[in-house]
Amino acid sequence: MSRTVSLVLAGRGLRALGDGCISLTLPLYLLALGYSPLRVGLIATATLVGSAVLSLAVGVGAARIGHRRALLGAALLMLATGIAFAGVQALWPLVVVAFVGTLNPSSGDVSVFLPLEHAVLSDAVTPERRTHAFARYSLVGAVCGAVGALLAGAPELLSQRLRLPLPTALLSTFVLYAVLGLAT
């Protein structure tokens with residue numbers, strides 16, 4: 001396996017870990033802040049629409065700037081998204097961050113990373129090895145996403161053990177998301 005494929009798989013795993021955790025804790029955090037289900041849905045919708053718009057924009061421009069730069073930019077955006085969600089609680093700033101950021105409120109990967117990594121994988125392996133590479137890519141994403149979903153229970157344990165308010169404990173998931181963006 002080439003270094004490029006290894007790096008793509010590592011990035012996929014780190015990101016899936018964060019996505020698995022955030023997909024469960026984002027609505028819990030927003031509800032703990034006192035947001036109505038309608039406002040939680042608004043923020044979740046903003047993440048999905050923003051991901052679609054950003055993916056289209058990157059699809060058009062990635063060839064010009066290069067896949068490596070586009071992936072680095074997306075990783076920095078992931079870092080910034082985690083920091084912003086950890087530091088902002090007002091509705092409209094959260095909607096804006098959700099739209100321009102990389103949060104993924106679903107169990108599947110719908111982020112800007114997906115088309116970029118697919119393009120890199122396609123270029124990095126021979127046609128005979130593509131199925132194998134994409135199978136590994138999917139497996140890494142599924143396993144790491146499941147581990148991330150398991151981590152979603154950690155804030156409640158932190159809240160109970162350290163006697164923290166639940167919203168404060170849930171902020172740890174956004175800090176984790178930012179750290180995973182930096183590592184990516």
# chains A, B, ... in the order shown; residues from 1 in each chain; ligands from 1
>>> closest_atom_pairs(of="range 116-158 of chain A", to="range 19-42 of chain A", cutoff="12 Å", atoms="only C-alpha atoms", output="tab-separated table")
residue	atom	partner	partner_atom	distance
A:Gly141	CA	A:Gly20	CA	9.4
A:Ala142	CA	A:Gly20	CA	9.1
A:Val143	CA	A:Gly20	CA	9.7
A:Cys144	CA	A:Gly20	CA	7.6
A:Gly145	CA	A:Gly20	CA	4.3
A:Ala146	CA	A:Gly20	CA	6.2
A:Val147	CA	A:Gly20	CA	7.2
A:Gly148	CA	A:Gly20	CA	4.3
A:Ala149	CA	A:Gly20	CA	4.5
A:Leu150	CA	A:Cys21	CA	7.2
A:Leu151	CA	A:Cys21	CA	5.9
A:Ala152	CA	A:Cys21	CA	4.8
A:Gly153	CA	A:Thr25	CA	8.4
A:Ala154	CA	A:Cys21	CA	9.6
A:Pro155	CA	A:Thr25	CA	8.7
A:Glu156	CA	A:Thr25	CA	10.1
>>> closest_atom_pairs(of="range 97-133 of chain A", to="range 167-183 of chain A", cutoff="12 Å", atoms="only C-alpha atoms", output="Markdown table")
| residue | atom | partner | partner_atom | distance |
| --- | --- | --- | --- | --- |
| A:Gly101 | CA | A:Ala178 | CA | 11.4 |
| A:Thr102 | CA | A:Gly181 | CA | 9.6 |
| A:Leu103 | CA | A:Tyr177 | CA | 8.9 |
| A:Asn104 | CA | A:Tyr177 | CA | 10.9 |
| A:Phe113 | CA | A:Gly181 | CA | 11.4 |
>>> atom_distance(atom1="CA of Val140 in chain A", atom2="CA of Leu17 in chain A")
9.7 Å
>>> select_by_dssp(residues="range 67-171 of chain A", states="helix (DSSP H, G or I)", output="number ranges by chain")
A: 67-87, 91-100, 113-124, 127-151, 154-162, 166-171
>>> closest_atom_pairs(of="range 92-152 of chain A", to="range 65-75 of chain A", cutoff="12 Å", atoms="only C-alpha atoms", output="tab-separated table")
residue	atom	partner	partner_atom	distance
A:Val100	CA	A:Ala74	CA	10.8
A:Gly101	CA	A:Ala74	CA	8.9
A:Thr102	CA	A:Ala74	CA	7.8
A:Leu103	CA	A:Ala74	CA	11.3
A:Ser111	CA	A:Ala74	CA	9.2
A:Val112	CA	A:Ala74	CA	7.0
A:Phe113	CA	A:Leu71	CA	6.7
A:Leu114	CA	A:Leu71	CA	9.8
A:Pro115	CA	A:His67	CA	9.9
A:Leu116	CA	A:His67	CA	6.3
A:Glu117	CA	A:Leu71	CA	7.9
A:His118	CA	A:His67	CA	10.2
A:Ala119	CA	A:His67	CA	7.9
A:Val120	CA	A:His67	CA	6.9
A:Leu121	CA	A:His67	CA	10.7
A:Ser122	CA	A:His67	CA	11.9
A:Asp123	CA	A:His67	CA	10.6
A:Ala124	CA	A:His67	CA	11.8
>>> closest_residue(among="A:Met78, A:Val88, A:Ile43, A:Ala16", to="Leu139 in chain A", atoms="only C-alpha atoms")
A:Ala16
